[in-house]
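Here is the file final_21.pdb (PDB, C-alpha atoms, pLDDT in the B column).
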```pdb
ATOM      1  CA  MET A   1     114.322  94.560 106.709  1.00 54.00           C
ATOM      2  CA  ASN A   2     113.103  95.295 103.193  1.00 66.00           C
ATOM      3  CA  ILE A   3     109.289  95.446 103.157  1.00 66.00           C
ATOM      4  CA  ARG A   4     107.415  95.537  99.863  1.00 69.00           C
ATOM      5  CA  PHE A   5     103.906  96.968  99.722  1.00 69.00           C
ATOM      6  CA  HIS A   6     101.236  96.218  97.174  1.00 68.00           C
ATOM      7  CA  ALA A   7     100.135  99.061  94.904  1.00 69.00           C
ATOM      8  CA  ASN A   8      96.976  99.850  96.879  1.00 69.00           C
ATOM      9  CA  ALA A   9      98.535  99.910 100.360  1.00 76.00           C
ATOM     10  CA  THR A  10      97.436 103.024 102.280  1.00 80.00           C
ATOM     11  CA  THR A  11      99.330 102.343 105.504  1.00 87.00           C
ATOM     12  CA  ILE A  12     102.747 101.113 106.590  1.00 87.00           C
ATOM     13  CA  PRO A  13     103.496  98.818 109.556  1.00 88.00           C
ATOM     14  CA  LYS A  14     104.383 101.807 111.762  1.00 90.00           C
ATOM     15  CA  THR A  15     100.991 103.419 111.030  1.00 91.00           C
ATOM     16  CA  ARG A  16      99.208 100.114 111.616  1.00 92.00           C
ATOM     17  CA  ALA A  17     100.892  99.741 115.016  1.00 92.00           C
ATOM     18  CA  HIS A  18      99.804 103.299 115.844  1.00 92.00           C
ATOM     19  CA  ILE A  19      96.210 102.438 114.898  1.00 93.00           C
ATOM     20  CA  GLN A  20      96.272  99.333 117.126  1.00 93.00           C
ATOM     21  CA  SER A  21      97.759 101.089 120.139  1.00 93.00           C
ATOM     22  CA  SER A  22      95.805 104.344 119.907  1.00 93.00           C
ATOM     23  CA  GLU A  23      92.951 105.149 122.301  1.00 92.00           C
ATOM     24  CA  LYS A  24      91.371 107.652 119.885  1.00 94.00           C
ATOM     25  CA  SER A  25      88.056 107.003 118.203  1.00 94.00           C
ATOM     26  CA  ILE A  26      87.996 105.324 114.813  1.00 94.00           C
ATOM     27  CA  ARG A  27      86.738 108.445 113.058  1.00 95.00           C
ATOM     28  CA  ALA A  28      89.389 110.679 114.703  1.00 94.00           C
ATOM     29  CA  LEU A  29      92.159 108.269 113.710  1.00 93.00           C
ATOM     30  CA  ALA A  30      90.866 108.079 110.136  1.00 94.00           C
ATOM     31  CA  GLU A  31      90.908 111.869 109.828  1.00 94.00           C
ATOM     32  CA  GLU A  32      94.329 112.165 111.487  1.00 93.00           C
ATOM     33  CA  LEU A  33      95.959 109.589 109.193  1.00 92.00           C
ATOM     34  CA  GLY A  34      94.043 110.453 106.025  1.00 92.00           C
ATOM     35  CA  VAL A  35      92.631 106.968 105.544  1.00 93.00           C
ATOM     36  CA  SER A  36      89.117 105.590 105.480  1.00 93.00           C
ATOM     37  CA  VAL A  37      87.197 104.445 108.541  1.00 94.00           C
ATOM     38  CA  SER A  38      87.134 100.897 107.141  1.00 94.00           C
ATOM     39  CA  THR A  39      90.966 100.893 106.960  1.00 92.00           C
ATOM     40  CA  VAL A  40      91.205 101.918 110.616  1.00 94.00           C
ATOM     41  CA  LEU A  41      88.643  99.243 111.567  1.00 94.00           C
ATOM     42  CA  HIS A  42      90.540  96.619 109.604  1.00 92.00           C
ATOM     43  CA  TRP A  43      93.877  97.304 111.303  1.00 91.00           C
ATOM     44  CA  ARG A  44      92.382  97.831 114.752  1.00 93.00           C
ATOM     45  CA  ASN A  45      90.786  94.364 114.596  1.00 93.00           C
ATOM     46  CA  SER A  46      93.860  92.709 113.057  1.00 90.00           C
ATOM     47  CA  GLU A  47      96.272  90.740 115.245  1.00 90.00           C
ATOM     48  CA  THR A  48      99.366  91.638 113.211  1.00 90.00           C
ATOM     49  CA  ILE A  49     100.662  94.739 111.470  1.00 88.00           C
ATOM     50  CA  HIS A  50     101.675  92.863 108.291  1.00 85.00           C
ATOM     51  CA  ASP A  51      99.588  92.281 105.172  1.00 81.00           C
ATOM     52  CA  ASP A  52      98.348  88.768 104.524  1.00 79.00           C
ATOM     53  CA  SER A  53      99.076  87.123 101.204  1.00 78.00           C
ATOM     54  CA  HIS A  54      96.513  87.941  98.526  1.00 74.00           C
ATOM     55  CA  THR A  55      96.674  84.497  96.943  1.00 78.00           C
ATOM     56  CA  ARG A  56      93.968  81.965  97.623  1.00 80.00           C
ATOM     57  CA  LYS A  57      94.372  79.787 100.672  1.00 80.00           C
ATOM     58  CA  ASN A  58      93.120  76.750  98.752  1.00 81.00           C
ATOM     59  CA  LEU A  59      94.472  76.829  95.217  1.00 76.00           C
ATOM     60  CA  LEU A  60      92.135  75.029  92.867  1.00 79.00           C
ATOM     61  CA  ALA A  61      94.076  72.872  90.425  1.00 86.00           C
ATOM     62  CA  THR A  62      92.735  71.101  87.376  1.00 89.00           C
ATOM     63  CA  LEU A  63      95.352  68.354  87.564  1.00 94.00           C
ATOM     64  CA  SER A  64      95.872  65.958  90.449  1.00 93.00           C
ATOM     65  CA  SER A  65      99.307  65.909  92.062  1.00 92.00           C
ATOM     66  CA  ALA A  66     100.198  62.681  90.228  1.00 96.00           C
ATOM     67  CA  GLN A  67      99.148  64.149  86.876  1.00 96.00           C
ATOM     68  CA  GLU A  68     101.070  67.324  87.677  1.00 96.00           C
ATOM     69  CA  ALA A  69     104.235  65.305  88.364  1.00 96.00           C
ATOM     70  CA  ILE A  70     103.862  63.529  85.000  1.00 97.00           C
ATOM     71  CA  VAL A  71     103.399  66.847  83.172  1.00 97.00           C
ATOM     72  CA  ILE A  72     106.457  68.353  84.879  1.00 97.00           C
ATOM     73  CA  GLU A  73     108.593  65.348  83.965  1.00 96.00           C
ATOM     74  CA  LEU A  74     107.326  65.472  80.369  1.00 96.00           C
ATOM     75  CA  ARG A  75     108.317  69.124  80.178  1.00 96.00           C
ATOM     76  CA  ARG A  76     111.806  68.449  81.567  1.00 95.00           C
ATOM     77  CA  THR A  77     112.562  65.446  79.370  1.00 95.00           C
ATOM     78  CA  LEU A  78     110.887  66.309  76.060  1.00 94.00           C
ATOM     79  CA  LEU A  79     111.405  70.105  76.281  1.00 95.00           C
ATOM     80  CA  LEU A  80     108.167  70.711  74.398  1.00 95.00           C
ATOM     81  CA  PRO A  81     106.753  74.211  73.898  1.00 96.00           C
ATOM     82  CA  LEU A  82     103.528  75.014  75.741  1.00 97.00           C
ATOM     83  CA  ASP A  83     101.153  74.350  72.827  1.00 97.00           C
ATOM     84  CA  ASP A  84     102.803  71.044  71.897  1.00 97.00           C
ATOM     85  CA  LEU A  85     102.814  69.925  75.532  1.00 97.00           C
ATOM     86  CA  LEU A  86      99.127  70.884  75.752  1.00 97.00           C
ATOM     87  CA  THR A  87      98.363  68.605  72.793  1.00 97.00           C
ATOM     88  CA  VAL A  88     100.170  65.693  74.449  1.00 96.00           C
ATOM     89  CA  VAL A  89      98.524  66.268  77.832  1.00 97.00           C
ATOM     90  CA  ARG A  90      95.056  66.596  76.296  1.00 97.00           C
ATOM     91  CA  GLY A  91      95.593  63.405  74.316  1.00 96.00           C
ATOM     92  CA  PHE A  92      96.907  61.179  77.111  1.00 96.00           C
ATOM     93  CA  ILE A  93      96.446  62.700  80.580  1.00 96.00           C
ATOM     94  CA  HIS A  94      93.565  65.173  80.901  1.00 95.00           C
ATOM     95  CA  SER A  95      91.283  65.885  77.946  1.00 95.00           C
ATOM     96  CA  ASP A  96      89.643  69.018  79.420  1.00 95.00           C
ATOM     97  CA  LEU A  97      92.833  70.851  80.450  1.00 95.00           C
ATOM     98  CA  SER A  98      92.966  74.484  79.353  1.00 95.00           C
ATOM     99  CA  ARG A  99      96.092  76.187  78.060  1.00 96.00           C
ATOM    100  CA  SER A 100      96.074  78.671  80.947  1.00 95.00           C
ATOM    101  CA  ALA A 101      95.786  75.879  83.532  1.00 95.00           C
ATOM    102  CA  LEU A 102      98.780  74.108  82.009  1.00 96.00           C
ATOM    103  CA  ASP A 103     100.770  77.354  81.952  1.00 96.00           C
ATOM    104  CA  ARG A 104      99.854  78.012  85.602  1.00 93.00           C
ATOM    105  CA  CYS A 105     100.993  74.494  86.541  1.00 95.00           C
ATOM    106  CA  LEU A 106     104.331  74.963  84.761  1.00 96.00           C
ATOM    107  CA  ARG A 107     104.892  78.377  86.378  1.00 95.00           C
ATOM    108  CA  CYS A 108     104.113  77.116  89.876  1.00 92.00           C
ATOM    109  CA  ASN A 109     106.648  74.323  89.463  1.00 94.00           C
ATOM    110  CA  GLY A 110     109.364  76.515  87.935  1.00 95.00           C
ATOM    111  CA  VAL A 111     109.500  74.879  84.504  1.00 96.00           C
ATOM    112  CA  SER A 112     107.722  77.485  82.404  1.00 94.00           C
ATOM    113  CA  ARG A 113     110.839  78.807  80.618  1.00 95.00           C
ATOM    114  CA  LEU A 114     112.296  76.390  78.085  1.00 94.00           C
ATOM    115  CA  ALA A 115     115.518  78.390  77.916  1.00 91.00           C
ATOM    116  CA  ASP A 116     116.153  77.607  81.595  1.00 91.00           C
ATOM    117  CA  LEU A 117     115.580  73.883  81.038  1.00 91.00           C
ATOM    118  CA  ARG A 118     117.866  73.436  78.048  1.00 88.00           C
ATOM    119  CA  PRO A 119     121.494  72.597  78.826  1.00 84.00           C
ATOM    120  CA  ALA A 120     123.907  75.456  78.212  1.00 78.00           C
ATOM    121  CA  GLU A 121     125.732  75.176  74.906  1.00 74.00           C
ATOM    122  CA  PRO A 122     129.497  75.599  74.963  1.00 71.00           C
ATOM    123  CA  CYS A 123     130.585  78.990  73.728  1.00 68.00           C
ATOM    124  CA  ASP A 124     133.081  78.938  70.834  1.00 66.00           C
ATOM    125  CA  ALA A 125     134.142  82.537  71.302  1.00 66.00           C
ATOM    126  CA  VAL A 126     137.463  83.599  69.917  1.00 69.00           C
ATOM    127  CA  LYS A 127     139.790  84.852  72.613  1.00 74.00           C
ATOM    128  CA  ALA A 128     140.677  88.496  72.237  1.00 75.00           C
ATOM    129  CA  LYS A 129     144.316  89.315  71.740  1.00 76.00           C
ATOM    130  CA  PRO A 130     145.935  91.500  74.363  1.00 80.00           C
ATOM    131  CA  PHE A 131     146.541  95.140  73.477  1.00 74.00           C
ATOM    132  CA  LYS A 132     149.933  96.041  72.217  1.00 78.00           C
ATOM    133  CA  ALA A 133     151.815  98.347  74.561  1.00 80.00           C
ATOM    134  CA  TYR A 134     152.340 101.766  72.986  1.00 79.00           C
ATOM    135  CA  GLU A 135     154.330 104.703  74.217  1.00 80.00           C
ATOM    136  CA  PRO A 136     152.339 107.619  75.660  1.00 82.00           C
ATOM    137  CA  GLY A 137     150.921 109.921  72.984  1.00 82.00           C
ATOM    138  CA  TYR A 138     149.541 107.274  70.605  1.00 78.00           C
ATOM    139  CA  ILE A 139     145.792 106.823  70.101  1.00 77.00           C
ATOM    140  CA  TYR A 140     144.398 103.322  69.695  1.00 70.00           C
ATOM    141  CA  SER A 141     141.107 102.818  67.862  1.00 72.00           C
ATOM    142  CA  ASP A 142     139.455  99.411  67.586  1.00 68.00           C
ATOM    143  CA  LEU A 143     136.680  98.713  65.091  1.00 71.00           C
ATOM    144  CA  ALA A 144     134.608  95.549  65.303  1.00 67.00           C
ATOM    145  CA  GLN A 145     131.793  94.146  63.230  1.00 66.00           C
ATOM    146  CA  LYS A 146     128.838  92.200  64.592  1.00 63.00           C
ATOM    147  CA  LYS A 147     127.269  89.513  62.497  1.00 59.00           C
TER
END
```

Before we go any further, please render this structure as structure tokens.
Amino acid sequence: MNIRFHANATTIPKTRAHIQSSEKSIRALAEELGVSVSTVLHWRNSETIHDDSHTRKNLLATLSSAQEAIVIELRRTLLLPLDDLLTVVRGFIHSDLSRSALDRCLRCNGVSRLADLRPAEPCDAVKAKPFKAYEPGYIYSDLAQKK
């Protein structure tokens, strides 16, 4: 199992399990593990050995779910850049919407990158010719120019 830790993590799940199962005093454990007393207290009182998510439990959104659905559909159909979409949304849906709130809404719904929303264009690449077979001892050098 691949476990990712946040940058400020001072313990790993194995250490946290040790803290929870140990009979030693809080201060002795803190000194033994090289962590603060508050870290030992936190993990001793915790029911699990895994970190909780650091995002808010109740995400505050400026737009209602219906407004959000309209904005997402506008983004998918019109393929407007963020600033142009902001102008449209401020004019017709929510006059007090900030640019960052609109960007957050687009990111949460996976439509923040216009390049991902646009249909892929067919590639008109010229097929490369196969190499000519030479006898051993010849050197082949290929020069190409990029435009």

*For a cut-off of 12 Å around (93.6, 109.6, 113.4), file coordinates, pick out all residues using only C-alpha atoms and list them as a ChimeraX atom specification.*
/A:15-16,18-37,39-41,44

_Contacts of A:Gly110 within 12 Å, only C-alpha atoms, excl. fewer than 4 positions in-chain, as a list in words_ = Ile72, Glu73, Arg75, Arg76, Asp103, Arg104, Cys105, Leu106, Leu114, Ala115, Asp116 and Leu117 of chain A

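Candidate residues A:Leu97, A:Val111, A:Ile49, A:Ala128 were compared for distance to A:Leu74, and the nearest is A:Val111, using only C-alpha atoms.
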
*A:Ala101, A:Leu82, A:Ala17, A:Trp43: which is nearest A:Leu59, counting all atoms listed in the file?*
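Closest residue, counting all atoms listed in the file: A:Ala101.
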
*Hey, can you check how far atom CA of A:Leu102 sits from atom CA of A:Ile70?*
12.1 Å

*asked:* Please report the interatomic distance between atom CA of A:Ala61 and atom CA of A:Arg107 in Å with one decimal.
replied: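 Separating atom CA of A:Ala61 from atom CA of A:Arg107 is a distance of 12.8 Å.
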
*Given the choices A:Leu78, A:Leu63, A:Gly137, A:Arg113, which gets closest to A:Ile93 if the distance is worked out from only C-alpha atoms?*
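Closest candidate: A:Leu63.
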
*Hey, which of A:Arg118, A:Arg99, A:Ser38, A:His50 ends up closest to A:Thr77? Count all atoms listed in the file.*
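Smallest separation from A:Thr77 among the options: A:Arg118.
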
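Here atom CA of A:Arg56 and atom CA of A:Val71 stand 22.9 Å from one another.
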
*asked:* I'd like to know which of A:Thr55, A:Asn109, A:Ser64, A:Ser141 is closest to A:His94, using all atoms listed in the file.
replied: A:Ser64

_So, with only C-alpha atoms as the atoms that count, which of A:Ile12, A:Pro136, A:Gln67, A:Asp52 lies closest to A:Arg90?_
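Nearest candidate to A:Arg90 out of A:Ile12, A:Pro136, A:Gln67, A:Asp52: A:Gln67.
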